[in-house]
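Trainee: Got input-v3.cif for you, mmCIF, C-alpha atoms:
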data_target
loop_
_atom_site.label_atom_id
_atom_site.label_comp_id
_atom_site.auth_asym_id
_atom_site.auth_seq_id
_atom_site.Cartn_x
_atom_site.Cartn_y
_atom_site.Cartn_z
CA MET A 1 30.25 -11.81 8.30
CA PRO A 2 27.82 -11.82 5.36
CA ASP A 3 29.21 -12.83 1.97
CA TYR A 4 28.63 -10.15 -0.68
CA SER A 5 30.86 -11.70 -3.34
CA GLY A 6 27.95 -12.88 -5.51
CA LEU A 7 25.92 -9.72 -5.19
CA PHE A 8 26.41 -8.65 -8.81
CA GLU A 9 26.27 -12.07 -10.46
CA LYS A 10 23.76 -12.46 -13.31
CA GLU A 11 21.60 -15.01 -11.49
CA THR A 12 21.43 -12.81 -8.38
CA LEU A 13 20.48 -9.73 -10.40
CA LEU A 14 17.77 -11.60 -12.32
CA THR A 15 16.30 -12.83 -9.02
CA ALA A 16 16.37 -9.28 -7.65
CA VAL A 17 14.58 -7.94 -10.76
CA ASP A 18 11.93 -10.67 -10.42
CA VAL A 19 11.34 -9.80 -6.76
CA LEU A 20 11.22 -6.06 -7.52
CA PHE A 21 8.61 -6.72 -10.23
CA ARG A 22 6.49 -8.57 -7.69
CA LEU A 23 6.88 -5.76 -5.15
CA VAL A 24 5.78 -3.15 -7.70
CA LEU A 25 2.82 -5.31 -8.70
CA ALA A 26 1.94 -5.66 -5.00
CA ILE A 27 1.98 -1.87 -4.60
CA VAL A 28 -0.34 -1.43 -7.59
CA LEU A 29 -2.83 -4.14 -6.58
CA GLY A 30 -2.85 -3.15 -2.90
CA GLY A 31 -3.13 0.54 -3.81
CA VAL A 32 -6.15 -0.03 -6.06
CA VAL A 33 -8.06 -1.66 -3.20
CA GLY A 34 -6.87 1.04 -0.79
CA MET A 35 -8.17 3.78 -3.09
CA GLU A 36 -11.67 2.31 -2.90
CA ARG A 37 -11.50 2.24 0.92
CA GLU A 38 -10.08 5.77 1.15
CA ALA A 39 -12.77 7.09 -1.18
CA HIS A 40 -15.29 5.97 1.44
CA GLY A 41 -13.39 7.68 4.27
CA ARG A 42 -12.24 4.46 5.93
CA PRO A 43 -9.32 4.46 8.40
CA ALA A 44 -7.16 2.10 6.32
CA GLY A 45 -6.61 3.64 2.90
CA VAL A 46 -4.14 3.58 0.02
CA ARG A 47 -0.88 3.57 2.00
CA THR A 48 -2.04 0.94 4.49
CA HIS A 49 -3.14 -1.50 1.78
CA MET A 50 0.02 -0.86 -0.23
CA LEU A 51 2.28 -1.52 2.76
CA VAL A 52 0.37 -4.66 3.73
CA CYS A 53 0.64 -6.11 0.22
CA ILE A 54 4.32 -5.21 -0.28
CA GLY A 55 5.21 -6.45 3.21
CA VAL A 56 3.57 -9.82 2.65
CA VAL A 57 5.37 -10.26 -0.69
CA LEU A 58 8.74 -9.42 0.84
CA PHE A 59 8.21 -11.71 3.84
CA ALA A 60 7.23 -14.55 1.54
CA GLU A 61 10.23 -13.98 -0.75
CA VAL A 62 12.70 -13.79 2.15
CA SER A 63 11.26 -16.98 3.67
CA ARG A 64 12.47 -18.94 0.63
CA PHE A 65 16.06 -18.50 1.81
CA TRP A 66 15.51 -20.40 5.06
CA GLU A 67 15.06 -24.14 5.03
CA GLY A 68 11.59 -24.98 6.27
CA GLY A 69 10.92 -21.29 6.95
CA GLU A 70 8.20 -20.69 4.36
CA ALA A 71 5.37 -22.48 6.18
CA ARG A 72 6.17 -20.81 9.51
CA ILE A 73 6.44 -17.31 8.06
CA VAL A 74 3.26 -17.67 6.00
CA ALA A 75 1.38 -18.83 9.11
CA ASN A 76 2.72 -15.88 11.09
CA ILE A 77 1.74 -13.49 8.28
CA VAL A 78 -1.88 -14.64 8.54
CA THR A 79 -1.79 -14.16 12.33
CA GLY A 80 -0.15 -10.73 12.06
CA ILE A 81 -2.63 -9.49 9.47
CA GLY A 82 -5.41 -10.55 11.84
CA PHE A 83 -4.07 -8.22 14.52
CA LEU A 84 -3.65 -5.38 12.03
CA GLY A 85 -7.19 -5.82 10.75
CA ALA A 86 -8.55 -5.81 14.29
CA GLY A 87 -7.14 -2.30 14.70
CA THR A 88 -9.53 -0.96 12.05
CA ILE A 89 -12.64 -2.26 13.84
CA ILE A 90 -14.45 0.33 15.94
CA ARG A 91 -17.50 -0.12 18.15
CA MET A 92 -19.89 2.83 18.06
CA GLY A 93 -22.78 2.16 20.42
CA VAL A 94 -24.59 -0.91 19.16
CA GLU A 95 -22.87 -0.68 15.77
CA VAL A 96 -19.53 -2.20 14.82
CA ARG A 97 -17.63 -0.32 12.08
CA GLY A 98 -14.56 -1.33 10.12
CA LEU A 99 -15.28 -5.02 9.55
CA THR A 100 -15.24 -4.61 5.77
CA THR A 101 -11.97 -2.67 5.84
CA SER A 102 -10.48 -5.33 8.10
CA ALA A 103 -11.56 -8.00 5.63
CA SER A 104 -10.08 -6.00 2.73
CA ILE A 105 -6.69 -5.88 4.50
CA TRP A 106 -6.87 -9.64 5.03
CA ALA A 107 -7.77 -10.18 1.35
CA VAL A 108 -4.96 -7.86 0.17
CA ALA A 109 -2.52 -9.91 2.25
CA ALA A 110 -3.67 -13.00 0.37
CA VAL A 111 -3.14 -11.11 -2.92
CA GLY A 112 0.40 -10.34 -1.79
CA MET A 113 1.05 -14.01 -1.05
CA ALA A 114 -0.25 -14.95 -4.52
CA VAL A 115 2.08 -12.39 -6.10
CA ALA A 116 4.99 -13.83 -4.12
CA ALA A 117 4.16 -17.34 -5.34
CA GLY A 118 4.67 -16.17 -8.93
CA GLY A 119 3.80 -18.07 -12.10
CA ALA A 120 0.09 -18.61 -12.70
CA MET A 121 -0.65 -17.16 -9.25
CA ILE A 122 0.22 -13.71 -10.64
CA TRP A 123 -2.94 -13.92 -12.75
CA ALA A 124 -4.83 -15.21 -9.73
CA ALA A 125 -3.65 -12.15 -7.76
CA ILE A 126 -4.84 -9.77 -10.49
CA GLY A 127 -8.17 -11.60 -10.76
CA ALA A 128 -8.59 -11.58 -6.97
CA THR A 129 -7.98 -7.81 -6.89
CA ILE A 130 -10.72 -7.28 -9.46
CA LEU A 131 -13.10 -9.48 -7.46
CA ILE A 132 -12.24 -7.59 -4.25
CA LEU A 133 -13.10 -4.28 -5.96
CA ILE A 134 -16.37 -5.71 -7.26
CA THR A 135 -17.23 -6.93 -3.77
CA LEU A 136 -16.42 -3.57 -2.15
CA SER A 137 -18.16 -1.33 -4.67
CA VAL A 138 -20.66 -3.08 -6.92
CA VAL A 139 -22.05 -5.49 -4.32
CA ASN A 140 -22.48 -2.63 -1.83
CA LYS A 141 -24.52 -0.59 -4.35
CA LEU A 142 -26.55 -3.68 -5.22
CA GLU A 143 -27.34 -4.26 -1.53
CA LEU A 144 -28.47 -0.67 -1.09
CA SER A 145 -30.72 -0.81 -4.15
CA ILE A 146 -32.37 -4.12 -3.17
CA LEU A 147 -32.47 -3.58 0.60
CA PRO A 148 -32.04 0.17 1.20
CA GLY A 149 -32.54 -0.09 4.95
CA ILE A 150 -30.19 -2.96 5.69
CA HIS A 151 -27.09 -0.85 6.40
CA PRO A 152 -26.90 2.31 8.51
CA ARG A 153 -26.01 5.51 6.65
CA GLU A 154 -24.38 8.65 7.97
CA LEU A 155 -26.41 11.85 7.69
CA LEU A 156 -24.74 15.27 8.05
CA VAL A 157 -27.05 17.97 9.39
CA THR A 158 -26.02 21.60 9.98
CA LEU A 159 -27.95 23.49 12.70
CA ASP A 160 -27.97 27.05 14.01
CA ALA A 161 -28.43 26.02 17.66
CA ARG A 162 -28.08 22.99 19.93
CA GLU A 163 -31.75 23.19 20.84
CA ARG A 164 -32.63 21.99 17.35
CA VAL A 165 -31.07 18.56 17.90
CA VAL A 166 -34.28 17.17 19.40
CA ASP A 167 -36.26 18.50 16.42
CA VAL A 168 -33.88 16.76 14.02
CA LEU A 169 -34.18 13.43 15.85
CA MET A 170 -37.99 13.72 15.89
CA ALA A 171 -37.99 14.45 12.15
CA ILE A 172 -35.88 11.34 11.49
CA GLU A 173 -38.37 9.17 13.40
CA LYS A 174 -41.23 10.87 11.54
CA SER A 175 -39.70 9.84 8.20
CA GLY A 176 -39.85 6.17 9.23
CA ALA A 177 -36.10 5.81 9.84
CA HIS A 178 -34.26 5.44 13.15
CA ALA A 179 -31.29 7.37 14.56
CA ILE A 180 -28.94 4.82 16.14
CA GLY A 181 -26.03 7.16 16.89
CA VAL A 182 -25.34 10.90 17.06
CA ARG A 183 -22.05 12.81 17.30
CA VAL A 184 -20.97 16.42 16.83
CA ALA A 185 -18.79 16.55 13.71
CA ARG A 186 -18.15 20.31 13.83
CA MET A 187 -18.98 23.27 16.07
CA GLU A 188 -18.14 26.26 13.84
CA PRO A 189 -19.49 27.75 11.64
CA GLY A 190 -22.77 26.23 12.68
CA ILE A 191 -23.23 22.94 14.49
CA GLU A 192 -22.81 19.92 12.24
CA LEU A 193 -24.26 16.64 13.47
CA ALA A 194 -23.28 13.25 12.10
CA VAL A 195 -26.26 10.95 12.61
CA GLU A 196 -26.18 7.21 11.96
CA VAL A 197 -29.54 6.40 10.38
CA ARG A 198 -31.01 2.96 9.79
CA GLY A 199 -34.11 2.16 7.77
CA LYS A 200 -35.74 3.38 4.59
CA ALA A 201 -35.50 7.16 4.49
CA ASP A 202 -36.40 8.33 0.98
CA SER A 203 -38.20 11.44 2.22
CA LEU A 204 -35.86 12.24 5.10
CA LEU A 205 -33.94 15.09 3.43
CA THR A 206 -37.19 16.77 2.39
CA ILE A 207 -38.59 16.52 5.92
CA LEU A 208 -35.38 17.88 7.46
CA SER A 209 -35.37 20.86 5.09
CA GLU A 210 -38.63 21.95 6.70
CA VAL A 211 -37.25 21.80 10.28
CA PRO A 212 -36.58 25.33 11.65
CA GLY A 213 -32.87 25.98 12.23
CA VAL A 214 -31.63 23.32 9.78
CA SER A 215 -29.48 25.01 7.14
CA SER A 216 -28.40 21.85 5.31
CA ALA A 217 -28.80 18.07 5.34
CA LYS A 218 -26.97 15.57 3.16
CA TRP A 219 -25.88 11.96 3.11
CA GLN A 220 -22.22 11.23 3.73
CA GLN A 221 -20.75 9.76 0.52
#
Take the structure I supplied and represent it as structure tokens, if you would.
Mentor:
Amino acid sequence: MPDYSGLFEKETLLTAVDVLFRLVLAIVLGGVVGMEREAHGRPAGVRTHMLVCIGVVLFAEVSRFWEGGEARIVANIVTGIGFLGAGTIIRMGVEVRGLTTSASIWAVAAVGMAVAAGGAMIWAAIGATILILITLSVVNKLELSILPGIHPRELLVTLDARERVVDVLMAIEKSGAHAIGVRVARMEPGIELAVEVRGKADSLLTILSEVPGVSSAKWQQ
């Protein structure tokens, strides 16, 4: 039977407060990264990143109570996060989506482990979170400005009839871009197509506005 006699001792309570502080910090740091992912409509958002970070911290803290258990649990955390990250990766035709989100989950797990380590690693965890955000947001914008055609973008086009789909695809090719994937995002009111477009397409929206039957065209943010 478990021994609860020392549950309210000063040393036990101070340890509990320390662990709770690390769990709260894990929620904040994981949530910040999750907000960036959710803002871009990715499958793993705020709650997922929060739970990953808090779970890693708690696993790491609990492992301290078993002799020789830390190394084994940490190794299993890395393996488990790999499986979780794989669940966010989706293959759409020739394109693979979700790799960045998978990597962000993996990085957040490392942040959680740094928080659990405590001491100077707390600052390392905060610094790593800032660097993760810079990588996810600033670097992405920098890539798009330097090499605008390197990543596919999702274009939302609203049509009045299915017959206009061919006209839309021809207009995309005319602009110098390439449609690498098409799906129906909505049927009513009006047909909304989600088109994955690769290549430089500065004039694409202007060209699509001149296609008969196209009521609106915009880039997915």
Trainee: Could you jot down the CA of Ala103 in chain A to CA of Gly82 in chain A separation for me, Å, one decimal place?
Mentor: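 We find that CA of Ala103 in chain A and CA of Gly82 in chain A lie 9.1 Å from each other.
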Trainee: One number please: CA of Gly190 in chain A to CA of Ser216 in chain A, in Å, one decimal.
Mentor: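 Atom-to-atom, CA of Gly190 in chain A and CA of Ser216 in chain A are spaced 10.3 Å apart.
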Trainee: Rank nothing, just name the residue among A:Ala171, A:Ile27, A:Val57, A:Ala185 nearest to Ala109 in chain A, using only C-alpha atoms.
Mentor: A:Val57
Trainee: In terms of the shortest atom-to-atom distance over only C-alpha atoms, which of A:Trp123, A:Phe65, A:Phe21, A:Phe83 is closest to Trp106 in chain A?
Mentor: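 Going through A:Trp123, A:Phe65, A:Phe21, A:Phe83 one by one, the smallest distance to Trp106 in chain A is for A:Phe83.
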Trainee: Starting from the PyMOL selection byres ((chain A and resi 77-79) around 12), expand the selection into actual residues of this file and give them as a PyMOL selection string.
Mentor: chain A and resi 52-53+55-60+63+70-76+80-86+105-110+112-113
Trainee: Which distance in Å separates CA of Thr158 in chain A and CA of Trp219 in chain A, to one decimal?
Mentor: 11.8 Å
Trainee: When you count all atoms listed in the file, which of these residues is closest to Val115 in chain A: A:Gly181, A:Gly45, A:Gly127, A:Pro212?
Mentor: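 Looking at the shortest contact to Val115 in chain A, the residue is A:Gly127.
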Trainee: Need the axis-aligned box for range 156-175 of chain A with 8 Å each side, so what are the centre and edges in Å to one decimal, as lines of an AutoDock Vina configuration file?
Mentor:
center_x = -33.0
center_y = 18.1
center_z = 14.4
size_x = 32.5
size_y = 33.9
size_z = 28.8
Trainee: With distances taken over all atoms listed in the file, which residue among A:Gln220, A:Ser203, A:Ser175, A:Thr135 lies nearest Pro152 in chain A?
Mentor: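 Checking each of A:Gln220, A:Ser203, A:Ser175, A:Thr135 against Pro152 in chain A, counting all atoms listed in the file, the winner is A:Gln220.
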Trainee: Compile the contact shell of Glu188 in chain A as a CSV table (one decimal) with C-alpha atoms, in the coordinates of the input: residues with an atom at most 12 Å away, counting only C-alpha atoms, same-chain residues fewer than 5 positions apart removed.
Mentor:
chain,number,residue,atom,x,y,z
A,158,THR,CA,-26.0,21.6,10.0
A,159,LEU,CA,-28.0,23.5,12.7
A,160,ASP,CA,-28.0,27.0,14.0
A,161,ALA,CA,-28.4,26.0,17.7
A,193,LEU,CA,-24.3,16.6,13.5
Trainee: Using all atoms listed in the file, which of A:Val157, A:Val166, A:Ala177, A:Val214 sits nearest Gly199 in chain A?
Mentor: A:Ala177
Trainee: Using all atoms listed in the file, pick whichever of A:Val111, A:Leu155, A:Ala39, A:Val184 has the shortest atom-to-atom distance to Thr129 in chain A.
Mentor: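 Smallest separation from Thr129 in chain A among the options: A:Val111.
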Trainee: Within 7 Å of (-17.5, -1.1, 2.0), all atoms listed in the file: residues as an MDAnalysis selection string?
Mentor: chainID A and resid 37 100:101 136:137 140
